[in-house]
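**Student:** Got a structure for you, written out below as structure tokens; questions coming shortly.
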Protein chains: 2
Amino acid sequence: VTVLPNFGDVMLAVGRLRGVSIHTPLLRSDILDELTGGRILLKAEVLQRTGSFKIRGAYNRLKQLVESDMHHAGVVAFSSGNHAQGVAAAAQILDMQAVIVMPRDAPPLKIANTRRLGAEVVLYDRWTESREEIAAAIAAERGATVVPAFDDAGVIAGQGTAGLEIASDVKALGLSLDAVYVPASGGGLTAGIALALEGTSPGTEVYTAEPVSLNDHALSFAKGERVRNDPAARSICDALQAPEPGSITFAVNKPRVAGGVIATDEEVLRAMNFAFTALKLVVEPGGAVALAALLAGRIEAKDRNIGIVLSGGNVEPDLFARCLELEAF
Amino acid sequence: VTVLPNFGDVMLAVGRLRGVSIHTPLLRSDILDELTGGRILLKAEVLQRTGSFKIRGAYNRLKQLVESDMHHAGVVAFSSGNHAQGVAAAAQILDMQAVIVMPRDAPPLKIANTRRLGAEVVLYDRWTESREEIAAAIAAERGATVVPAFDDAGVIAGQGTAGLEIASDVKALGLSLDAVYVPASGGGLTAGIALALEGTSPGTEVYTAEPVSLNDHALSFAKGERVRNDPAARSICDALQAPEPGSITFAVNKPRVAGGVIATDEEVLRAMNFAFTALKLVVEPGGAVALAALLAGRIEAKDRNIGIVLSGGNVEPDLFARCLELEAF
């Protein structure tokens, strides 16, 4: 029987992450409020250490290993980017060994950043090799622990600390949040935030945001069971390529998440342009998908207080340059 | 006799700006600390309303007009960009009329943003017309008040609120700041921060940062009197084009500022690239000049706590694209 994470696990993660993760700001934008007619609060996880929220879950999980004295052989993770950097940074802080299995065609910036953080990078061919098998073999050989990107109670609890920060910052503004929209790949950040808000802001609805071509969460919530994406589907949101919701994340999310919104790749590029022009933030495609859904009119914002998570900013210059060519809003 | 602003004026500005300006975050970067060997604290004024610090001084000055019942005929300002937006936004919040005199060749984004904020924009030819004369004529005709971009006690006091935030955030981290580096055009932000730190962190040295071709502050501090830039000098730092230090700002800065550092245009572009890659912030050239001096090795940072002000992020997409073409650090 898998034990699901709960609100108490998120609270325990706060203590572990103190002095490690950044309490990222909740930003406002006059232009965004004017365009939407609502009050929009932007959780800027692009300003988190390593450029995305991932260090929260990774550090929480690794610290658990230290607490149970299971950290000596190090950790193994497979990831095309942000989780890799999160695990590498967490391992560096805790002085643990980390092996990251990354696709040979991952963005060079993400590979370089992972190595810079002291991790050993093992490259594989995403079309002919299985990263799960490679990671499992390394873990077996070394006695190391595999750290999943999302389908893990400790990882989910760590991501939930972002939700606690949203709740406390919204409260400090004297407001209450009607709904929050979270970019979703495997659903770990959504699950963590859903647990955090259940305990601190139970009236707030939680939604996933996904690329239209990779809308497995939206379809799964509608159907009531996990649905896989079309394996042939592609999106510029390279951080949101999990094939389906995780089993643990879906068990957490199904009773707590109100539904899912979607955005096209072009809408995502427009949202990145908006973030550049109006917010002065660098947001990667996957990190901009909730903002994209909002700007595309797919979120009811009028006279409501809406939270939008900007989950990451690790984007290659060439890809970012594409968003600069668009017309500003 | 001109009355110079003092620490008390900055404290009064805090009350006026409450609920108007954003207490912008003081950010850290693992990579920046690793590269410099110091502890670097980045004041992210790019996240301020209107994308630069300018709304602080503008709003403080306009609110003073309201307090003395001199606001009915509105205000006039001349600016190529950030001050224009600051005055326009402040006037919009206070329901005052604002006329902004802008050069016809100002960045279109800045002209559009100024109009979007409800101001009337009057364009002039910067090679054949005098913006001072145009602004004075409009002010005389309407009975409006000219709001200078920097050489004004109320404007300086407003900018100083950024310095108070730096001091309180540094203290909350349990640190003390050895020095802070401030991008300088007319010297208003530097003067405000110098006054704020004099009252809250007197051991902190204050330095200006300028483009090498427009280093009037550095030269003026060295000579002990105001020195003008070569009128033929050019820089990509379009926000830092004041011809010389202001008379009020220089009177405030001369006894309080330790000196000036400089950066080349290429170093500024590299700093913008660094901010994109490692900080996930959009910084305009003029806003990146202190960071540029740091990354170029012109600031002694090893084992020191250094504040770097990122003063604005209003940059055209075409210009920003240039920084993306550089090699990352």
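Chain labels A, B, ... are given in the sequence in which chains occur in the structure tokens; within each chain residues are numbered consecutively from 1, and ligands are likewise numbered from 1 in the order shown.
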At a cut-off of 7 Å, list the chain B residues touching chain A, using only C-alpha atoms, as a ChimeraX atom specification.

**Tutor:** /B:46-47,276,279-282,313,317,321,324

**Student:** So that I have them on file, write out the residues from the current selection with C-alpha atoms, as a compact mmCIF listing (two decimals), in the first residue's frame.

**Tutor:**
# COMPACT_ATOMS: atom_id res chain seq x y z
CA VAL B 46 12.99 45.80 -12.59
CA LEU B 47 10.07 44.30 -10.66
CA PHE B 276 18.65 36.27 -18.40
CA LEU B 279 18.68 35.40 -12.56
CA LYS B 280 15.67 35.01 -14.89
CA LEU B 281 15.30 38.79 -14.90
CA VAL B 282 14.91 41.15 -17.84
CA GLY B 313 13.95 46.49 -17.17
CA PRO B 317 12.91 43.21 -27.84
CA ALA B 321 17.86 39.86 -28.61
CA LEU B 324 20.97 36.53 -26.20

**Student:** Tell me, as a list in words, which residues lie within 10 Å of Ser213 of chain B, counting only C-alpha atoms; anything in the same chain fewer than 5 positions away does not count.

**Tutor:** Asn229, Asp230, Ala232, Ala233, Arg234, Ser235, Ile262, Ala263, Thr264 and Asp265 of chain B

**Student:** Restricting it to N, CA and C atoms, dump the selection as a JSON list (two decimals), in the first residue's frame.

**Tutor:**
[["chain", "number", "residue", "atom", "x", "y", "z"],
["B", 229, "ASN", "N", 29.64, 65.19, -19.67],
["B", 229, "ASN", "CA", 30.03, 64.19, -20.65],
["B", 229, "ASN", "C", 30.32, 64.84, -21.99],
["B", 230, "ASP", "N", 31.15, 64.20, -22.79],
["B", 230, "ASP", "CA", 31.33, 64.59, -24.19],
["B", 230, "ASP", "C", 29.97, 64.49, -24.89],
["B", 232, "ALA", "N", 29.21, 64.18, -27.81],
["B", 232, "ALA", "CA", 29.21, 63.23, -28.93],
["B", 232, "ALA", "C", 29.22, 61.78, -28.45],
["B", 233, "ALA", "N", 29.40, 61.56, -27.15],
["B", 233, "ALA", "CA", 29.50, 60.19, -26.64],
["B", 233, "ALA", "C", 28.16, 59.48, -26.74],
["B", 234, "ARG", "N", 28.20, 58.18, -27.05],
["B", 234, "ARG", "CA", 26.99, 57.36, -27.16],
["B", 234, "ARG", "C", 27.15, 56.10, -26.32],
["B", 235, "SER", "N", 26.04, 55.52, -25.93],
["B", 235, "SER", "CA", 26.05, 54.25, -25.20],
["B", 235, "SER", "C", 24.73, 53.56, -25.44],
["B", 262, "ILE", "N", 32.71, 51.92, -13.78],
["B", 262, "ILE", "CA", 32.23, 52.02, -15.17],
["B", 262, "ILE", "C", 32.15, 50.64, -15.81],
["B", 263, "ALA", "N", 31.43, 50.59, -16.93],
["B", 263, "ALA", "CA", 31.34, 49.36, -17.72],
["B", 263, "ALA", "C", 31.19, 49.73, -19.19],
["B", 264, "THR", "N", 31.75, 48.90, -20.06],
["B", 264, "THR", "CA", 31.60, 49.11, -21.50],
["B", 264, "THR", "C", 30.23, 48.59, -21.96],
["B", 265, "ASP", "N", 29.83, 49.00, -23.17],
["B", 265, "ASP", "CA", 28.57, 48.51, -23.71],
["B", 265, "ASP", "C", 28.57, 46.98, -23.83]]

**Student:** Could you give me, as number ranges by chain, the residues within 12 Å of Arg131 of chain B, counting only C-alpha atoms and dropping anything in the same chain fewer than 3 positions from it?

**Tutor:** B: 76-80, 100-104, 122-128, 134-138, 146, 148

**Student:** Name the residues in contact with Gly246 of chain B at a cut-off of 7 Å, using only C-alpha atoms, excluding same-chain residues fewer than 5 positions from it; report them as a PyMOL selection string.

**Tutor:** chain B and resi 151+186-187

**Student:** Write out as an MDAnalysis selection string all residues of segment 100-292 of chain A that backbone DSSP assigns to helix (DSSP H, G or I).

**Tutor:** chainID A and resid 108:116 131:142 153:172 188:200 212:214 216:223 238:240 247:253 265:279 286:292
